[in-house]
file upload27.txt (compact mmCIF, C-alpha atoms)
# COMPACT_ATOMS: atom_id res chain seq x y z
CA MET O 1 146.02 113.41 79.76
CA VAL O 2 147.33 110.79 82.15
CA ILE O 3 146.66 112.97 85.15
CA ARG O 4 143.17 113.69 83.91
CA ARG O 5 142.47 110.02 83.39
CA LEU O 6 143.72 109.22 86.90
CA GLN O 7 141.64 112.01 88.36
CA THR O 8 138.59 110.75 86.48
CA ARG O 9 139.19 107.23 87.67
CA PHE O 10 139.67 108.27 91.28
CA LEU O 11 136.57 110.45 91.07
CA PHE O 12 134.58 107.63 89.52
CA ALA O 13 135.73 105.13 92.16
CA GLY O 14 134.99 107.54 95.00
CA CYS O 15 131.56 108.45 93.65
CA LEU O 16 130.70 104.81 93.11
CA LEU O 17 131.60 103.89 96.66
CA VAL O 18 129.81 106.90 98.15
CA MET O 19 126.66 106.38 96.07
CA THR O 20 126.52 102.70 96.94
CA THR O 21 126.97 103.44 100.64
CA VAL O 22 124.34 106.18 100.61
CA ALA O 23 121.89 104.00 98.66
CA CYS O 24 122.35 101.13 101.11
CA GLY O 25 121.87 103.49 104.05
CA ILE O 26 118.73 105.08 102.64
CA TRP O 27 117.21 101.75 101.65
CA SER O 28 117.98 100.24 105.06
CA ALA O 29 116.52 103.26 106.86
CA MET O 30 113.33 103.10 104.77
CA MET O 31 112.97 99.36 105.26
CA PHE O 32 113.41 99.41 109.01
CA ALA O 33 111.23 102.51 109.34
CA ARG O 34 108.47 100.70 107.49
CA LEU O 35 108.87 97.62 109.69
CA SER O 36 108.77 99.83 112.77
CA ALA O 37 105.63 101.64 111.57
CA VAL O 38 103.84 98.40 110.72
CA GLY O 39 104.87 96.85 114.03
CA GLY O 40 103.74 99.89 115.99
CA LYS O 41 100.38 100.04 114.24
CA THR O 42 99.80 96.32 114.73
CA LEU O 43 100.69 96.59 118.40
CA ARG O 44 98.29 99.49 118.94
CA GLU O 45 95.47 97.70 117.14
CA SER O 46 96.15 94.53 119.12
CA GLN O 47 96.05 96.43 122.40
CA THR O 48 92.80 98.13 121.41
CA LEU O 49 91.24 94.83 120.39
CA THR O 50 92.29 93.23 123.68
CA GLU O 51 90.72 96.09 125.62
CA LEU O 52 87.54 95.85 123.54
CA THR O 53 87.11 92.12 124.07
CA ALA O 54 87.61 92.62 127.81
CA PHE O 55 85.01 95.39 127.76
CA LEU O 56 82.57 93.22 125.78
CA ALA O 57 82.91 90.39 128.27
CA SER O 58 82.43 92.86 131.14
CA ALA O 59 79.33 94.34 129.48
CA LEU O 60 77.84 90.86 129.16
CA GLU O 61 78.55 90.19 132.83
CA ARG O 62 76.81 93.45 133.75
CA GLU O 63 73.83 92.42 131.64
CA ASP O 64 73.75 89.24 133.68
CA ASP O 65 73.83 91.25 136.91
CA ALA O 66 70.83 93.22 135.65
CA LEU O 67 68.97 90.00 134.89
CA LEU O 68 69.67 88.76 138.40
CA LEU O 69 67.85 91.84 139.69
CA SER O 70 64.69 90.54 138.06
CA LEU O 71 64.98 87.37 140.09
CA SER O 72 64.87 89.45 143.25
CA GLY O 73 61.73 91.23 142.04
CA GLU O 74 63.28 94.47 140.73
CA VAL O 75 62.05 93.97 137.18
CA GLU O 76 61.79 97.61 136.15
CA ARG O 77 65.28 98.42 137.38
CA ALA O 78 66.54 95.30 135.65
CA ARG O 79 65.04 96.48 132.34
CA GLN O 80 66.65 99.92 132.63
CA GLU O 81 70.12 98.63 133.45
CA LEU O 82 69.82 95.93 130.82
CA GLY O 83 69.12 98.53 128.13
CA THR O 84 72.12 100.61 129.17
CA HIS O 85 74.56 97.69 129.17
CA ARG O 86 73.26 96.40 125.85
CA GLN O 87 73.84 99.77 124.22
CA GLN O 88 77.39 99.83 125.57
CA PHE O 89 78.00 96.36 124.21
CA ASP O 90 76.62 97.21 120.78
CA ARG O 91 78.82 100.31 120.45
CA ALA O 92 81.93 98.36 121.44
CA TYR O 93 81.04 95.53 119.04
CA GLU O 94 80.82 98.02 116.15
CA ARG O 95 84.35 99.22 116.95
CA LEU O 96 85.55 95.63 117.09
CA GLY O 97 84.72 95.00 113.43
CA ALA O 98 87.25 97.59 112.23
CA LEU O 99 90.10 95.82 114.06
CA LEU O 100 89.57 92.31 112.74
CA ARG O 101 92.04 91.07 110.11
CA GLU O 102 92.06 87.27 109.93
CA PRO O 103 89.18 85.07 108.66
CA GLU O 104 89.14 83.19 111.97
CA GLU O 105 88.65 86.45 113.82
CA TYR O 106 85.68 87.35 111.62
CA ALA O 107 84.21 83.89 112.22
CA ALA O 108 84.65 84.24 115.99
CA ALA O 109 83.05 87.71 115.95
CA SER O 110 80.12 86.34 113.95
CA ALA O 111 79.70 83.51 116.46
CA LEU O 112 79.79 86.08 119.27
CA ALA O 113 76.97 88.06 117.65
CA GLN O 114 74.85 84.91 117.29
CA HIS O 115 75.44 83.77 120.86
CA VAL O 116 74.74 87.27 122.24
CA GLU O 117 71.47 87.32 120.33
CA ARG O 118 70.57 83.95 121.84
CA TYR O 119 71.59 85.15 125.30
CA ARG O 120 69.48 88.29 125.00
CA ALA O 121 66.48 86.31 123.82
CA ALA O 122 66.87 84.09 126.86
CA GLY O 123 67.25 87.17 129.08
CA ASP O 124 64.05 88.71 127.71
CA ALA O 125 62.24 85.44 128.36
CA LEU O 126 63.59 85.48 131.92
CA LEU O 127 62.12 88.94 132.50
CA LEU O 128 58.73 87.59 131.53
CA LEU O 129 59.15 84.80 134.07
CA ALA O 130 60.16 87.17 136.86
CA GLY O 131 58.38 86.33 140.10
CA ARG O 132 57.55 82.78 139.08
CA SER O 133 59.06 79.68 140.59
CA ALA O 134 60.46 78.55 137.21
CA ALA O 135 62.56 81.71 136.82
CA ASN O 136 65.54 80.44 138.83
CA THR O 137 65.62 77.15 137.00
CA PHE O 138 65.33 78.87 133.62
CA TYR O 139 68.21 81.19 134.51
CA HIS O 140 70.60 78.40 135.51
CA GLU O 141 69.64 76.04 132.68
CA THR O 142 69.26 78.50 129.79
CA VAL O 143 70.37 82.06 130.48
CA ASN O 144 73.67 81.48 132.28
CA PRO O 145 74.97 78.84 129.80
CA ALA O 146 74.23 81.26 126.93
CA LEU O 147 76.16 83.96 128.79
CA ARG O 148 79.17 81.65 129.31
CA GLN O 149 79.19 80.83 125.61
CA ALA O 150 79.22 84.50 124.60
CA VAL O 151 81.99 85.31 127.09
CA ALA O 152 83.99 82.37 125.72
CA ASP O 153 83.68 83.92 122.25
CA CYS O 154 85.28 87.11 123.57
CA ALA O 155 88.16 85.06 124.95
CA ARG O 156 88.43 83.26 121.61
CA ILE O 157 88.77 86.54 119.70
CA ARG O 158 91.45 87.67 122.15
CA GLU O 159 93.33 84.39 121.72
CA LEU O 160 93.19 84.67 117.92
CA ASN O 161 94.50 88.21 118.17
CA PHE O 162 97.49 87.05 120.22
CA ARG O 163 98.19 84.37 117.64
CA ALA O 164 97.98 86.90 114.81
CA MET O 165 100.44 89.13 116.69
CA GLN O 166 102.89 86.24 116.88
CA LEU O 167 102.60 85.67 113.13
CA VAL O 168 103.18 89.36 112.43
CA GLY O 169 106.28 89.25 114.61
CA ILE O 170 107.60 86.22 112.74
CA ARG O 171 106.99 87.85 109.36
CA ALA O 172 108.68 91.06 110.50
CA ARG O 173 111.68 89.08 111.73
CA ASP O 174 111.97 87.21 108.43
CA GLU O 175 111.68 90.42 106.42
CA ALA O 176 114.34 92.07 108.58
CA LYS O 177 116.64 89.11 107.95
CA ARG O 178 116.10 89.37 104.21
CA ALA O 179 116.80 93.09 104.32
CA THR O 180 119.98 92.53 106.30
CA VAL O 181 121.20 89.88 103.87
CA LEU O 182 120.45 92.14 100.90
CA VAL O 183 122.27 95.11 102.43
CA ALA O 184 125.23 92.86 103.26
CA GLY O 185 125.28 91.58 99.66
CA ILE O 186 125.17 95.07 98.20
CA SER O 187 127.90 96.25 100.57
CA ALA O 188 130.09 93.27 99.70
CA GLY O 189 129.57 93.96 96.00
CA ALA O 190 130.47 97.62 96.46
CA LEU O 191 133.58 96.63 98.40
CA LEU O 192 134.59 94.20 95.67
CA ILE O 193 134.11 96.79 92.93
CA SER O 194 136.01 99.39 94.94
CA THR O 195 138.86 96.92 95.49
CA VAL O 196 139.07 96.11 91.79
CA VAL O 197 139.08 99.80 90.87
CA ALA O 198 141.72 100.54 93.52
CA VAL O 199 143.95 97.75 92.20
CA LEU O 200 143.61 99.00 88.63
CA LEU O 201 144.38 102.54 89.73
CA ALA O 202 147.38 101.35 91.73
CA ARG O 203 148.74 99.48 88.72
CA THR O 204 148.25 102.56 86.56
CA VAL O 205 150.07 104.77 89.07
CA LEU O 206 152.95 102.31 89.38
CA LYS O 207 153.35 102.16 85.63

call {"tool": "encode", "arguments": {"input": "upload27.txt", "output": "structure tokens"}}
result
Amino acid sequence: MVIRRLQTRFLFAGCLLVMTTVACGIWSAMMFARLSAVGGKTLRESQTLTELTAFLASALEREDDALLLSLSGEVERARQELGTHRQQFDRAYERLGALLREPEEYAAASALAQHVERYRAAGDALLLLAGRSAANTFYHETVNPALRQAVADCARIRELNFRAMQLVGIRARDEAKRATVLVAGISAGALLISTVVAVLLARTVLK
């Protein structure tokens, strides 16, 4: 009976230590895998959003180049290129909406849509003034400032995205710290229990 009891105790102590170690390992692996997946997804989305905002700003600049053609008298060509660049901008803007996460980003995207609408209205008015002496003045006083405002909105969205990335990094770091502390606590508890069991078994064997 004594041998059986000792065997049972040794088996129990060994199983307890192994199960605790395995549980800690599995939980740690799952936690850090989740953090890695979230971080990777956030990084990919951030990179895509940065590329989109750069493309949007570039599309607006190309629209402006098309409008400048009208000032040189190439109104029909200006209309064709303007339509192409506007379609490209609209498609990219639709993709942008799926990548926004923070309320400030939505607000900046909404402001961009409003300013682009104002810029396009001014551009259409410029096409009607093509060939007139007031066209150059209207471009510099109305069209170009509207363009600069829309491009600034693109930069604003990009800046907000960078800030959101920093916050995600801080949250991931804090969560990793909490996970590390928890794993250390569980490991220390397992070590303490194993030590107590080992001492009890040693006393039993000595007796």

call {"tool": "residues_around", "arguments": {"input": "upload27.txt", "residues": "Ser58 in chain O", "least_positions_apart": "2", "cutoff": "12 Å", "atoms": "all atoms listed in the file", "output": "PyMOL selection string"}}
result
chain O and resi 51-56+60-65+85-86+88-89+92+147-148+150-152+154-155

call {"tool": "write_last_selection", "arguments": {"input": "upload27.txt", "atoms": "C-alpha atoms", "output": "compact mmCIF listing (two decimals), in the frame of the given file"}}
result
# COMPACT_ATOMS: atom_id res chain seq x y z
CA GLU O 51 90.72 96.09 125.62
CA LEU O 52 87.54 95.85 123.54
CA THR O 53 87.11 92.12 124.07
CA ALA O 54 87.61 92.62 127.81
CA PHE O 55 85.01 95.39 127.76
CA LEU O 56 82.57 93.22 125.78
CA LEU O 60 77.84 90.86 129.16
CA GLU O 61 78.55 90.19 132.83
CA ARG O 62 76.81 93.45 133.75
CA GLU O 63 73.83 92.42 131.64
CA ASP O 64 73.75 89.24 133.68
CA ASP O 65 73.83 91.25 136.91
CA HIS O 85 74.56 97.69 129.17
CA ARG O 86 73.26 96.40 125.85
CA GLN O 88 77.39 99.83 125.57
CA PHE O 89 78.00 96.36 124.21
CA ALA O 92 81.93 98.36 121.44
CA LEU O 147 76.16 83.96 128.79
CA ARG O 148 79.17 81.65 129.31
CA ALA O 150 79.22 84.50 124.60
CA VAL O 151 81.99 85.31 127.09
CA ALA O 152 83.99 82.37 125.72
CA CYS O 154 85.28 87.11 123.57
CA ALA O 155 88.16 85.06 124.95

call {"tool": "closest_residue", "arguments": {"input": "upload27.txt", "among": "O:Leu99, O:Val199, O:Ile193, O:Leu127", "to": "Leu82 in chain O", "atoms": "all atoms listed in the file"}}
result
O:Leu127

call {"tool": "residues_around", "arguments": {"input": "upload27.txt", "residues": "Tyr119 in chain O", "least_positions_apart": "4", "cutoff": "9 Å", "atoms": "all atoms listed in the file", "output": "list in words"}}
result
Gln114, His115, Gly123, Asp124, Thr142, Val143, Asn144, Pro145, Ala146, Leu147, Gln149 and Ala150 of chain O

call {"tool": "write_last_selection", "arguments": {"input": "upload27.txt", "atoms": "C-alpha atoms", "output": "mmCIF file, in the coordinates of the input"}}
result
data_model
loop_
_atom_site.group_PDB
_atom_site.id
_atom_site.type_symbol
_atom_site.label_atom_id
_atom_site.label_comp_id
_atom_site.auth_asym_id
_atom_site.auth_seq_id
_atom_site.Cartn_x
_atom_site.Cartn_y
_atom_site.Cartn_z
ATOM 1 C CA GLN O 114 74.850 84.910 117.290
ATOM 2 C CA HIS O 115 75.440 83.770 120.860
ATOM 3 C CA GLY O 123 67.250 87.170 129.080
ATOM 4 C CA ASP O 124 64.050 88.710 127.710
ATOM 5 C CA THR O 142 69.260 78.500 129.790
ATOM 6 C CA VAL O 143 70.370 82.060 130.480
ATOM 7 C CA ASN O 144 73.670 81.480 132.280
ATOM 8 C CA PRO O 145 74.970 78.840 129.800
ATOM 9 C CA ALA O 146 74.230 81.260 126.930
ATOM 10 C CA LEU O 147 76.160 83.960 128.790
ATOM 11 C CA GLN O 149 79.190 80.830 125.610
ATOM 12 C CA ALA O 150 79.220 84.500 124.600
#

call {"tool": "closest_residue", "arguments": {"input": "upload27.txt", "among": "O:Ala188, O:Leu200, O:Leu126, O:Met165", "to": "Arg44 in chain O", "atoms": "only C-alpha atoms"}}
result
O:Met165

call {"tool": "atom_distance", "arguments": {"input": "upload27.txt", "atom1": "CA of Leu182 in chain O", "atom2": "CA of Val196 in chain O"}}
result
21.1 Å

call {"tool": "atom_distance", "arguments": {"input": "upload27.txt", "atom1": "CA of Ala107 in chain O", "atom2": "CA of Ser46 in chain O"}}
result
17.4 Å

call {"tool": "atom_distance", "arguments": {"input": "upload27.txt", "atom1": "CA of Thr137 in chain O", "atom2": "CA of Gln80 in chain O"}}
result
23.2 Å

call {"tool": "residues_around", "arguments": {"input": "upload27.txt", "residues": "Glu76 in chain O", "least_positions_apart": "5", "cutoff": "12 Å", "atoms": "all atoms listed in the file", "output": "ChimeraX atom specification"}}
result
/O:66-67,69-71,81-83,127-128,130

call {"tool": "closest_residue", "arguments": {"input": "upload27.txt", "among": "O:Arg178, O:Ile157, O:Arg95, O:Gln87", "to": "Leu112 in chain O", "atoms": "all atoms listed in the file"}}
result
O:Ile157
